[in-house]
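Report on the following structure.
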2 protein chains.
Amino acid sequence: MSATNSSPTDARRLRGVLAPVLTPFHADLSPDARRLARFCRWLLAHGCAALAPFGTTSEANSLSVDEREGLLDAILEEGIPADHLLPGTGACSLTDAVRLTAQAVGRGCAGVLMLPPFYYKAVGEDGFFRFFAEVIERVGDARLKIYLYHFPPVAHVGFSANLVERLLHAYPRTIAGMKDSSGDFGNTKTMLHAFAGAGFDLFVGSERFLLAGMREGGAGCISATANVNAAAIDRLYRAWRSPEAEGLQAEVDAVRGAVEKVPLIPGLKTIVAHFAVDPAWVTVRPPLGDLTPAQRAALLADVAALKLALPDMRG
Amino acid sequence: MSATNSSPTDARRLRGVLAPVLTPFHADLSPDARRLARFCRWLLAHGCAALAPFGTTSEANSLSVDEREGLLDAILEEGIPADHLLPGTGACSLTDAVRLTAQAVGRGCAGVLMLPPFYYKAVGEDGFFRFFAEVIERVGDARLKIYLYHFPPVAHVGFSANLVERLLHAYPRTIAGMKDSSGDFGNTKTMLHAFAGAGFDLFVGSERFLLAGMREGGAGCISATANVNAAAIDRLYRAWRSPEAEGLQAEVDAVRGAVEKVPLIPGLKTIVAHFAVDPAWVTVRPPLGDLTPAQRAALLADVAALKLALPDMRG
């Protein structure tokens, strides 16, 4: 499928199912750009409309800025199309956020997904507004499309409706949407009712909310589990108006439920390693850790019992 | 005063009052290394036993790794003695933490002050243990002394007594102490009773706890307010066993109370700008913001009313 649709206001906007792509590491914990590019290609061929590398699931904040920059260039060189990429470029440091965002827009990426600077907690709306304004002004590129990454359960800071409104008012052509990973569908509805239709595309942060989100005017989902279940999630995305939608929602929920029984990122890497028959995939960077043998066995048993439609990842 | 004492086990350990040094910025928000070096010299001459640049108060997480590296080299070149420095080198990214820590130990710094990787919240003790173990092994330098920076109100993660015990057991010569910024003196006492005397030096994170901390076996304090009130805090540190100690504690508490009425970092920069007659000092990086004119006026009125013993910072 295409990463874009044809809305009246903008011919090329992201929609559908995006994976925050897992980052493979070598045994020495350095990032493995070639394995990443291969996995990106596989995801685009198996249900992902586009890719959001350098998200939480990608362990992006466990990477240096040099590593993030290098990986983006590497996957572009390996042929992953820039207009199918929504890299995470948020950072606590203004200079890091500017550098990563400028690189992404310079390379022609469809947009960037930005966490707010998440170290200081008491800065309030004004502080986050100033930060994003400074990034936008410094990058100074009319092509820039920012998707706000709202993830209070981990970042402990986020975007209020009032802050989104201020940003949209100041930068209507740049603020393009949101990934809502609040886990609170009340928040999702508030954002959709306030901003959807004004060129603001909301992606739910978990496919658990995909059907409900589409019914309220959402644009799709950007979900960790899309790393292993994108085809099924994409079927739900395409069929959300159909009578089968509730059943498809239940199917993807069952997979999500199985994966959520273990720590999510090592769990997803374990599944990829298993289906790709590529044990190197399990490696995570500290502070994340490997699954225990018992967790691994239980997860793979669950996955087998679900008779997942996971395509063969080998080769 | 000297940055070191002569404990039976180690001839050169940090003790006393340390400032997490404010970072001055140019108007374009780039760091101002020369102003920083000048301020470091002033602090060492006016009550600070040593300096902890690149802490929370230093806006360190708003700086890139290149900026942090460059500033450390710049102040060393300007003559700030490495053995009086405890730079912050914690980072969410393993590679960043290793790079900053290796630089600091390579330059001969007395130690490093390390936040845990603060993005992922659910990794638990094992995750943080692995992260620190990996940093220590990769830096691979017997001179390394790590002070654990425990600051749950902002980092939302921290060091349990059990984690400290595991780290001390695995790396007894490297894990040197803690800055306890929990704001919970019960935690401070727990840590002191468990580890003080075993070559583990605990610094309270606010001078409000300095007298209480010294009475329980603490090593001093590393406090934001030491940027503007180190001389008085140092008098309390030196006199903690004397009858005047309670009165000195009340005096430093009054200053802290005045500064805490406004956002702390811009408040401290406003005081420095005022006493140094150097308006450029007020600049903060987003997401932090300037004081309002009313906050500024109230703060400077409070400072005047307290008849602070702040030495003249001019020149």
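In the structure tokens, the first chain shown is A, the next is B, and so on; residue numbers restart at 1 for each chain, and ligands run from 1 in the order shown.
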Can you tell me, as JSON, numbers by chain, what residues are no more than 7 Å from region 206-222 of chain B when counting only C-alpha atoms, ignoring any on the same chain fewer than 4 positions away?
-> {"B": [15, 16, 17, 18, 19, 20, 179, 181, 189, 192, 196, 201, 202, 233, 237, 240, 249, 253]}
Residue subset to file, keeping N, CA and C atoms, as a compact mmCIF listing (two decimals), in the first residue's frame:
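Output file out21.txt is given in full below:
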```
# COMPACT_ATOMS: atom_id res chain seq x y z
N ARG B 15 34.99 16.15 49.54
CA ARG B 15 34.17 16.44 50.72
C ARG B 15 33.76 17.90 50.68
N GLY B 16 32.74 18.26 51.42
CA GLY B 16 32.37 19.67 51.56
C GLY B 16 31.26 20.08 50.62
N VAL B 17 31.35 21.35 50.18
CA VAL B 17 30.26 21.95 49.41
C VAL B 17 30.64 22.00 47.93
N LEU B 18 29.81 21.41 47.10
CA LEU B 18 30.03 21.43 45.65
C LEU B 18 28.85 22.12 44.98
N ALA B 19 29.15 22.91 43.97
CA ALA B 19 28.09 23.53 43.17
C ALA B 19 27.92 22.77 41.86
N PRO B 20 26.68 22.42 41.52
CA PRO B 20 26.39 21.96 40.15
C PRO B 20 26.33 23.24 39.31
N LYS B 179 24.99 11.38 45.26
CA LYS B 179 24.27 12.62 45.54
C LYS B 179 22.82 12.23 45.74
N SER B 181 19.37 13.47 45.98
CA SER B 181 18.45 14.58 45.75
C SER B 181 17.01 14.12 45.84
N LYS B 189 19.20 8.68 55.29
CA LYS B 189 19.65 7.94 56.47
C LYS B 189 19.85 6.46 56.14
N LEU B 192 23.10 6.19 54.29
CA LEU B 192 24.25 6.45 55.16
C LEU B 192 24.46 5.30 56.13
N ALA B 196 27.85 4.34 54.51
CA ALA B 196 28.89 5.30 54.91
C ALA B 196 29.92 4.56 55.75
N ASP B 201 30.73 7.90 49.95
CA ASP B 201 30.52 9.25 50.46
C ASP B 201 29.20 9.81 49.95
N LEU B 202 28.33 10.12 50.89
CA LEU B 202 27.01 10.64 50.50
C LEU B 202 26.96 12.15 50.64
N ILE B 233 27.11 28.26 53.04
CA ILE B 233 26.91 26.81 53.18
C ILE B 233 28.21 26.15 53.65
N TYR B 237 29.06 23.83 56.80
CA TYR B 237 29.76 22.56 56.65
C TYR B 237 30.93 22.45 57.63
N TRP B 240 29.68 22.24 61.56
CA TRP B 240 28.49 21.42 61.85
C TRP B 240 28.50 20.83 63.26
N GLN B 249 22.46 26.80 59.85
CA GLN B 249 21.49 26.05 59.02
C GLN B 249 20.28 26.93 58.71
N ASP B 253 18.96 28.09 55.02
CA ASP B 253 17.59 27.71 54.67
C ASP B 253 16.79 28.93 54.20
```
Hey, list the chain B side of the contact with chain A: 7 Å cut-off, only C-alpha atoms, answer as a PyMOL selection string.
-> chain B and resi 61-64+92-96+119-121+123+127-128+130-131+154-155+286-289
Those residues you just picked out, can you put them in a file as a PDB file, in the first residue's frame with N, CA and C atoms?
```
ATOM      1  N   ASN B  61      21.349  18.204  30.505  1.00  0.00           N
ATOM      2  CA  ASN B  61      20.583  17.389  29.565  1.00  0.00           C
ATOM      3  C   ASN B  61      19.993  18.221  28.434  1.00  0.00           C
ATOM      4  N   SER B  62      20.154  19.535  28.504  1.00  0.00           N
ATOM      5  CA  SER B  62      19.790  20.407  27.383  1.00  0.00           C
ATOM      6  C   SER B  62      20.976  20.666  26.461  1.00  0.00           C
ATOM      7  N   LEU B  63      22.116  20.056  26.774  1.00  0.00           N
ATOM      8  CA  LEU B  63      23.330  20.205  25.959  1.00  0.00           C
ATOM      9  C   LEU B  63      23.571  18.928  25.173  1.00  0.00           C
ATOM     10  N   SER B  64      24.217  19.051  24.027  1.00  0.00           N
ATOM     11  CA  SER B  64      24.640  17.857  23.302  1.00  0.00           C
ATOM     12  C   SER B  64      25.902  17.297  23.966  1.00  0.00           C
ATOM     13  N   CYS B  92      21.043   8.847  28.883  1.00  0.00           N
ATOM     14  CA  CYS B  92      20.163   7.725  28.550  1.00  0.00           C
ATOM     15  C   CYS B  92      20.868   6.723  27.650  1.00  0.00           C
ATOM     16  N   SER B  93      21.765   7.232  26.826  1.00  0.00           N
ATOM     17  CA  SER B  93      22.447   6.396  25.852  1.00  0.00           C
ATOM     18  C   SER B  93      23.744   5.857  26.436  1.00  0.00           C
ATOM     19  N   LEU B  94      23.884   4.551  26.363  1.00  0.00           N
ATOM     20  CA  LEU B  94      25.100   3.896  26.854  1.00  0.00           C
ATOM     21  C   LEU B  94      26.344   4.502  26.228  1.00  0.00           C
ATOM     22  N   THR B  95      26.319   4.696  24.918  1.00  0.00           N
ATOM     23  CA  THR B  95      27.506   5.194  24.231  1.00  0.00           C
ATOM     24  C   THR B  95      27.837   6.631  24.668  1.00  0.00           C
ATOM     25  N   ASP B  96      26.812   7.450  24.904  1.00  0.00           N
ATOM     26  CA  ASP B  96      27.061   8.805  25.403  1.00  0.00           C
ATOM     27  C   ASP B  96      27.681   8.760  26.805  1.00  0.00           C
ATOM     28  N   TYR B 119      15.286   7.368  30.584  1.00  0.00           N
ATOM     29  CA  TYR B 119      14.111   7.315  29.699  1.00  0.00           C
ATOM     30  C   TYR B 119      13.214   6.127  30.042  1.00  0.00           C
ATOM     31  N   TYR B 120      13.745   4.927  29.964  1.00  0.00           N
ATOM     32  CA  TYR B 120      12.935   3.743  30.279  1.00  0.00           C
ATOM     33  C   TYR B 120      12.747   3.665  31.787  1.00  0.00           C
ATOM     34  N   LYS B 121      11.475   3.482  32.196  1.00  0.00           N
ATOM     35  CA  LYS B 121      11.176   3.533  33.626  1.00  0.00           C
ATOM     36  C   LYS B 121      11.024   2.140  34.249  1.00  0.00           C
ATOM     37  N   VAL B 123      12.709  -0.736  33.867  1.00  0.00           N
ATOM     38  CA  VAL B 123      13.786  -1.705  33.663  1.00  0.00           C
ATOM     39  C   VAL B 123      14.274  -2.327  34.961  1.00  0.00           C
ATOM     40  N   GLY B 127      18.374  -3.805  35.171  1.00  0.00           N
ATOM     41  CA  GLY B 127      18.691  -2.966  34.025  1.00  0.00           C
ATOM     42  C   GLY B 127      19.710  -1.891  34.368  1.00  0.00           C
ATOM     43  N   PHE B 128      19.508  -1.251  35.500  1.00  0.00           N
ATOM     44  CA  PHE B 128      20.459  -0.205  35.877  1.00  0.00           C
ATOM     45  C   PHE B 128      21.814  -0.811  36.252  1.00  0.00           C
ATOM     46  N   ARG B 130      23.139  -3.512  34.944  1.00  0.00           N
ATOM     47  CA  ARG B 130      23.804  -3.831  33.669  1.00  0.00           C
ATOM     48  C   ARG B 130      24.359  -2.576  33.002  1.00  0.00           C
ATOM     49  N   PHE B 131      23.575  -1.494  33.046  1.00  0.00           N
ATOM     50  CA  PHE B 131      24.019  -0.252  32.406  1.00  0.00           C
ATOM     51  C   PHE B 131      25.320   0.240  33.055  1.00  0.00           C
ATOM     52  N   VAL B 154      12.807  14.178  39.556  1.00  0.00           N
ATOM     53  CA  VAL B 154      12.951  14.619  38.167  1.00  0.00           C
ATOM     54  C   VAL B 154      13.228  13.430  37.237  1.00  0.00           C
ATOM     55  N   ALA B 155      14.139  12.548  37.625  1.00  0.00           N
ATOM     56  CA  ALA B 155      14.502  11.438  36.737  1.00  0.00           C
ATOM     57  C   ALA B 155      13.410  10.359  36.700  1.00  0.00           C
ATOM     58  N   PRO B 286      15.696  26.642  26.139  1.00  0.00           N
ATOM     59  CA  PRO B 286      14.420  25.931  26.190  1.00  0.00           C
ATOM     60  C   PRO B 286      14.670  24.433  26.414  1.00  0.00           C
ATOM     61  N   PRO B 287      13.824  23.743  27.184  1.00  0.00           N
ATOM     62  CA  PRO B 287      12.483  24.167  27.602  1.00  0.00           C
ATOM     63  C   PRO B 287      12.442  25.081  28.822  1.00  0.00           C
ATOM     64  N   LEU B 288      13.571  25.402  29.454  1.00  0.00           N
ATOM     65  CA  LEU B 288      13.501  26.356  30.558  1.00  0.00           C
ATOM     66  C   LEU B 288      13.182  27.731  29.996  1.00  0.00           C
ATOM     67  N   GLY B 289      12.665  28.586  30.881  1.00  0.00           N
ATOM     68  CA  GLY B 289      12.287  29.922  30.448  1.00  0.00           C
ATOM     69  C   GLY B 289      12.726  30.974  31.453  1.00  0.00           C
TER      70      GLY B 289
END
```
Both chains have the same sequence, so match all Cα atoms in order, fit chain A onto chain B by least squares, and return it as a short mmCIF file (atom, residue, chain, number, x, y, z; two decimals) with C-alpha atoms, in the first residue's frame.
```cif
data_model
loop_
_atom_site.label_atom_id
_atom_site.label_comp_id
_atom_site.auth_asym_id
_atom_site.auth_seq_id
_atom_site.Cartn_x
_atom_site.Cartn_y
_atom_site.Cartn_z
CA MET A 1 39.75 24.85 51.36
CA SER A 2 40.91 21.62 49.85
CA ALA A 3 38.70 19.38 47.76
CA THR A 4 40.09 16.38 49.52
CA ASN A 5 40.48 15.04 53.00
CA SER A 6 42.65 12.34 54.40
CA SER A 7 40.46 9.39 55.26
CA PRO A 8 42.29 6.26 56.31
CA THR A 9 41.28 4.46 53.11
CA ASP A 10 41.79 7.09 50.49
CA ALA A 11 43.94 10.15 50.59
CA ARG A 12 41.98 12.15 48.06
CA ARG A 13 38.22 12.05 48.32
CA LEU A 14 35.80 14.86 47.68
CA ARG A 15 34.16 16.44 50.71
CA GLY A 16 32.38 19.66 51.55
CA VAL A 17 30.26 21.95 49.40
CA LEU A 18 30.03 21.42 45.65
CA ALA A 19 28.08 23.53 43.16
CA PRO A 20 26.39 21.95 40.16
CA VAL A 21 27.69 24.86 38.13
CA LEU A 22 25.22 26.97 36.15
CA THR A 23 25.96 26.97 32.41
CA PRO A 24 26.08 30.43 30.83
CA PHE A 25 24.87 30.81 27.25
CA HIS A 26 25.54 33.32 24.53
CA ALA A 27 22.54 35.14 23.06
CA ASP A 28 22.34 32.47 20.34
CA LEU A 29 22.04 29.83 23.11
CA SER A 30 25.47 28.35 22.47
CA PRO A 31 27.41 27.64 25.70
CA ASP A 32 29.79 30.35 26.87
CA ALA A 33 32.93 28.49 27.94
CA ARG A 34 34.90 31.54 29.07
CA ARG A 35 32.10 32.85 31.31
CA LEU A 36 31.77 29.33 32.70
CA ALA A 37 35.47 29.08 33.50
CA ARG A 38 35.42 32.50 35.17
CA PHE A 39 32.43 31.46 37.28
CA CYS A 40 34.12 28.18 38.21
CA ARG A 41 37.15 30.09 39.47
CA TRP A 42 34.90 32.42 41.46
CA LEU A 43 33.04 29.50 43.07
CA LEU A 44 36.28 27.74 44.05
CA ALA A 45 37.45 30.96 45.67
CA HIS A 46 34.17 31.54 47.53
CA GLY A 47 33.22 28.41 49.41
CA CYS A 48 33.09 25.54 46.95
CA ALA A 49 35.43 22.65 47.76
CA ALA A 50 34.92 21.33 44.26
CA LEU A 51 32.56 21.70 41.32
CA ALA A 52 30.00 19.44 39.70
CA PRO A 53 29.49 20.89 36.23
CA PHE A 54 26.87 19.27 33.96
CA GLY A 55 24.30 18.57 36.62
CA THR A 56 20.58 19.29 36.50
CA THR A 57 21.19 22.91 37.51
CA SER A 58 23.76 23.14 34.70
CA GLU A 59 21.06 22.30 32.12
CA ALA A 60 23.35 19.42 31.13
CA ASN A 61 20.58 17.39 29.55
CA SER A 62 19.78 20.40 27.39
CA LEU A 63 23.32 20.21 25.96
CA SER A 64 24.64 17.86 23.31
CA VAL A 65 27.45 15.47 24.14
CA ASP A 66 29.76 17.50 21.90
CA GLU A 67 28.89 20.62 23.88
CA ARG A 68 29.50 18.89 27.22
CA GLU A 69 32.83 17.52 26.05
CA GLY A 70 33.86 20.87 24.65
CA LEU A 71 32.96 22.75 27.83
CA LEU A 72 34.89 20.37 30.06
CA ASP A 73 37.99 20.72 27.91
CA ALA A 74 37.56 24.47 27.80
CA ILE A 75 37.39 24.95 31.56
CA LEU A 76 40.38 22.65 32.03
CA GLU A 77 42.30 24.71 29.50
CA GLU A 78 41.32 27.83 31.43
CA GLY A 79 43.02 26.35 34.47
CA ILE A 80 40.20 24.84 36.53
CA PRO A 81 41.93 21.90 38.24
CA ALA A 82 40.65 18.48 37.18
CA ASP A 83 40.98 17.07 40.69
CA HIS A 84 38.39 19.62 41.83
CA LEU A 85 35.85 18.50 39.23
CA LEU A 86 33.00 16.01 39.45
CA PRO A 87 31.33 16.39 36.05
CA GLY A 88 27.93 14.90 35.33
CA THR A 89 28.36 12.15 32.73
CA GLY A 90 25.08 10.26 32.99
CA ALA A 91 23.01 9.84 29.84
CA CYS A 92 20.15 7.73 28.55
CA SER A 93 22.44 6.39 25.85
CA LEU A 94 25.09 3.90 26.86
CA THR A 95 27.50 5.21 24.23
CA ASP A 96 27.06 8.81 25.40
CA ALA A 97 27.62 7.85 29.05
CA VAL A 98 30.75 5.89 28.14
CA ARG A 99 32.14 8.70 26.01
CA LEU A 100 31.60 11.42 28.62
CA THR A 101 32.85 9.25 31.47
CA ALA A 102 35.96 8.18 29.57
CA GLN A 103 36.75 11.81 28.80
CA ALA A 104 36.37 12.87 32.44
CA VAL A 105 38.53 10.09 33.84
CA GLY A 106 41.06 10.57 31.06
CA ARG A 107 41.39 14.23 32.01
CA GLY A 108 42.01 13.35 35.66
CA CYS A 109 38.68 14.46 37.12
CA ALA A 110 38.14 13.55 40.76
CA GLY A 111 35.07 11.55 39.83
CA VAL A 112 31.88 11.60 37.78
CA LEU A 113 28.30 12.13 38.89
CA MET A 114 25.98 9.82 36.99
CA LEU A 115 22.25 9.90 36.57
CA PRO A 116 20.84 6.49 35.70
CA PRO A 117 19.58 6.20 32.11
CA PHE A 118 16.28 7.94 32.73
CA TYR A 119 14.11 7.31 29.70
CA TYR A 120 12.92 3.75 30.27
CA LYS A 121 11.17 3.52 33.63
CA ALA A 122 10.34 -0.18 33.99
CA VAL A 123 13.77 -1.73 33.65
CA GLY A 124 14.32 -2.27 37.35
CA GLU A 125 17.45 -2.90 39.31
CA ASP A 126 18.87 -5.43 36.88
CA GLY A 127 18.68 -2.98 34.01
CA PHE A 128 20.46 -0.21 35.88
CA PHE A 129 23.05 -2.63 37.20
CA ARG A 130 23.80 -3.82 33.66
CA PHE A 131 24.02 -0.25 32.40
CA PHE A 132 26.54 0.83 35.04
CA ALA A 133 28.50 -2.40 34.72
CA GLU A 134 28.74 -1.86 30.97
CA VAL A 135 29.90 1.76 31.43
CA ILE A 136 32.53 0.73 33.99
CA GLU A 137 33.84 -2.15 31.87
CA ARG A 138 33.94 -0.05 28.71
CA VAL A 139 35.71 2.89 30.34
CA GLY A 140 38.09 0.34 31.87
CA ASP A 141 40.12 2.78 33.95
CA ALA A 142 41.08 2.02 37.57
CA ARG A 143 41.00 5.74 38.36
CA LEU A 144 37.25 5.96 37.72
CA LYS A 145 35.17 7.08 40.72
CA ILE A 146 31.41 7.10 40.18
CA TYR A 147 29.03 9.04 42.39
CA LEU A 148 25.44 7.88 41.83
CA TYR A 149 23.01 10.70 41.21
CA HIS A 150 19.74 9.78 42.89
CA PHE A 151 17.02 12.23 41.82
CA PRO A 152 13.64 10.48 41.55
CA PRO A 153 11.54 13.68 41.59
CA VAL A 154 12.93 14.59 38.15
CA ALA A 155 14.49 11.42 36.72
CA HIS A 156 11.55 9.24 37.85
CA VAL A 157 14.03 6.43 38.34
CA GLY A 158 16.75 6.03 40.95
CA PHE A 159 18.99 3.82 43.05
CA SER A 160 17.56 1.48 45.66
CA ALA A 161 19.75 0.42 48.59
CA ASN A 162 19.84 -3.05 47.07
CA LEU A 163 21.13 -1.71 43.75
CA VAL A 164 23.82 0.34 45.52
CA GLU A 165 24.85 -2.77 47.42
CA ARG A 166 25.12 -4.81 44.22
CA LEU A 167 27.17 -2.11 42.52
CA LEU A 168 29.46 -1.67 45.54
CA HIS A 169 29.94 -5.41 45.75
CA ALA A 170 30.84 -5.71 42.07
CA TYR A 171 32.87 -2.49 41.79
CA PRO A 172 34.06 -1.50 45.29
CA ARG A 173 36.86 0.73 44.02
CA THR A 174 34.72 2.51 41.45
CA ILE A 175 31.42 3.22 43.20
CA ALA A 176 32.51 6.12 45.39
CA GLY A 177 29.33 7.72 46.67
CA MET A 178 25.99 9.30 45.95
CA LYS A 179 24.28 12.61 45.54
CA ASP A 180 20.91 12.09 47.21
CA SER A 181 18.45 14.56 45.74
CA SER A 182 15.43 12.52 46.72
CA GLY A 183 14.29 15.23 49.11
CA ASP A 184 13.55 12.35 51.50
CA PHE A 185 15.89 12.36 54.47
CA GLY A 186 14.65 8.90 55.40
CA ASN A 187 16.28 7.65 52.22
CA THR A 188 19.46 9.58 53.04
CA LYS A 189 19.65 7.94 56.45
CA THR A 190 19.05 4.50 54.97
CA MET A 191 21.91 4.99 52.53
CA LEU A 192 24.25 6.46 55.16
CA HIS A 193 23.57 3.73 57.68
CA ALA A 194 24.06 1.04 55.08
CA PHE A 195 27.11 2.34 53.24
CA ALA A 196 28.89 5.29 54.91
CA GLY A 197 32.23 4.21 56.28
CA ALA A 198 32.66 1.65 53.54
CA GLY A 199 34.29 4.26 51.33
CA PHE A 200 30.90 5.48 50.12
CA ASP A 201 30.51 9.25 50.44
CA LEU A 202 27.02 10.64 50.49
CA PHE A 203 26.34 14.24 49.52
CA VAL A 204 22.90 15.62 50.26
CA GLY A 205 21.29 17.28 47.25
CA SER A 206 20.20 20.37 49.16
CA GLU A 207 21.86 22.30 51.99
CA ARG A 208 18.54 22.01 53.84
CA PHE A 209 19.75 18.53 54.79
CA LEU A 210 23.42 19.43 55.30
CA LEU A 211 23.53 19.53 59.11
CA ALA A 212 21.32 16.47 59.47
CA GLY A 213 23.39 14.67 56.85
CA MET A 214 26.71 15.48 58.50
CA ARG A 215 25.35 14.22 61.83
CA GLU A 216 24.56 10.89 60.16
CA GLY A 217 27.97 10.55 58.51
CA GLY A 218 27.53 12.46 55.25
CA ALA A 219 30.35 14.00 53.22
CA GLY A 220 28.81 17.36 52.35
CA CYS A 221 26.32 18.69 49.83
CA ILE A 222 26.04 19.22 46.11
CA SER A 223 23.37 21.86 45.86
CA ALA A 224 22.00 24.19 43.21
CA THR A 225 22.00 27.07 45.65
CA ALA A 226 25.76 26.70 46.15
CA ASN A 227 25.98 28.67 42.91
CA VAL A 228 25.00 31.78 44.88
CA ASN A 229 25.50 30.95 48.54
CA ALA A 230 28.50 28.63 48.78
CA ALA A 231 30.40 30.68 51.37
CA ALA A 232 27.57 30.47 53.91
CA ILE A 233 26.93 26.81 53.17
CA ASP A 234 30.64 26.12 53.59
CA ARG A 235 30.60 27.89 56.98
CA LEU A 236 27.84 25.51 58.04
CA TYR A 237 29.78 22.55 56.64
CA ARG A 238 32.89 23.49 58.62
CA ALA A 239 30.98 24.28 61.80
CA TRP A 240 28.50 21.44 61.85
CA ARG A 241 29.74 20.15 65.21
CA SER A 242 29.68 23.62 66.80
CA PRO A 243 26.93 25.33 68.83
CA GLU A 244 26.41 27.78 65.95
CA ALA A 245 25.42 25.04 63.52
CA GLU A 246 21.65 25.34 63.98
CA GLY A 247 21.81 29.07 63.41
CA LEU A 248 23.95 28.68 60.31
CA GLN A 249 21.52 26.06 59.02
CA ALA A 250 18.63 28.49 59.48
CA GLU A 251 20.53 31.17 57.58
CA VAL A 252 21.17 29.02 54.53
CA ASP A 253 17.61 27.71 54.68
CA ALA A 254 16.31 31.28 54.45
CA VAL A 255 18.28 31.90 51.27
CA ARG A 256 17.14 28.60 49.80
CA GLY A 257 13.56 29.48 50.66
CA ALA A 258 13.82 32.81 48.85
CA VAL A 259 15.25 31.22 45.72
CA GLU A 260 12.74 28.38 45.72
CA LYS A 261 9.86 30.82 45.38
CA VAL A 262 10.71 31.09 41.68
CA PRO A 263 11.81 28.48 39.11
CA LEU A 264 15.20 27.48 40.46
CA ILE A 265 17.56 27.61 37.48
CA PRO A 266 16.45 30.93 35.96
CA GLY A 267 16.24 32.26 39.52
CA LEU A 268 19.87 31.38 40.23
CA LYS A 269 20.96 32.82 36.89
CA THR A 270 19.08 36.02 37.70
CA ILE A 271 20.95 36.33 41.00
CA VAL A 272 24.32 35.72 39.33
CA ALA A 273 23.49 38.24 36.59
CA HIS A 274 22.54 40.78 39.26
CA PHE A 275 25.60 40.38 41.49
CA ALA A 276 28.01 39.99 38.60
CA VAL A 277 26.39 42.97 36.85
CA ASP A 278 26.34 40.79 33.78
CA PRO A 279 22.85 40.56 32.26
CA ALA A 280 23.89 37.90 29.74
CA TRP A 281 23.90 35.40 32.61
CA VAL A 282 20.10 35.18 32.69
CA THR A 283 19.89 33.22 29.43
CA VAL A 284 18.48 29.69 29.74
CA ARG A 285 17.92 27.10 27.04
CA PRO A 286 14.41 25.93 26.21
CA PRO A 287 12.47 24.17 27.60
CA LEU A 288 13.48 26.36 30.56
CA GLY A 289 12.27 29.93 30.46
CA ASP A 290 13.08 33.33 31.87
CA LEU A 291 11.56 34.63 35.06
CA THR A 292 8.71 37.05 34.58
CA PRO A 293 9.56 40.67 35.47
CA ALA A 294 7.44 40.27 38.62
CA GLN A 295 9.29 37.11 39.65
CA ARG A 296 12.61 38.81 39.02
CA ALA A 297 11.68 41.84 41.07
CA ALA A 298 10.37 39.74 43.95
CA LEU A 299 13.45 37.52 43.96
CA LEU A 300 15.89 40.41 44.00
CA ALA A 301 13.87 42.13 46.72
CA ASP A 302 13.99 38.96 48.80
CA VAL A 303 17.70 38.64 48.26
CA ALA A 304 18.24 42.26 49.29
CA ALA A 305 16.05 41.85 52.39
CA LEU A 306 18.08 38.82 53.45
CA LYS A 307 21.23 40.94 53.34
CA LEU A 308 22.98 38.05 51.68
CA ALA A 309 26.68 37.73 52.30
CA LEU A 310 27.09 37.15 48.59
CA PRO A 311 30.55 38.39 47.68
CA ASP A 312 30.79 40.86 44.89
CA MET A 313 30.84 38.81 41.71
CA ARG A 314 31.97 41.66 39.48
CA GLY A 315 35.18 41.53 37.60
#
```
Any chance you could list, as JSON, numbers by chain, the residues in region 74-289 of chain B that come up alpha helix (DSSP H) when DSSP is run on the backbone?
-> {"B": [74, 75, 76, 77, 94, 95, 96, 97, 98, 99, 100, 101, 102, 103, 104, 105, 106, 124, 125, 126, 127, 128, 129, 130, 131, 132, 133, 134, 135, 136, 137, 138, 139, 152, 153, 154, 155, 161, 162, 163, 164, 165, 166, 167, 168, 169, 170, 185, 186, 187, 188, 189, 190, 191, 192, 193, 194, 195, 210, 211, 212, 213, 214, 215, 226, 227, 228, 229, 230, 231, 232, 233, 234, 235, 236, 237, 238, 245, 246, 247, 248, 249, 250, 251, 252, 253, 254, 255, 256, 257, 258, 259, 264, 265, 266, 267, 268, 269, 270, 271, 272, 273, 274, 275, 276]}
Residues of region 6-232 of chain A in strand (DSSP E) according to DSSP, as a list in words?
->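 Filtering region 6-232 of chain A down to strand (DSSP E) leaves Gly16, Val17, Leu18, Ala19, Ala50, Leu51, Val112, Leu113, Met114, Ile146, Tyr147, Leu148, Tyr149, His150, Ile175, Ala176, Gly177, Met178, Lys179, Asp180, Asp201, Leu202, Phe203, Val204, Gly220, Cys221 and Ile222 of chain A.
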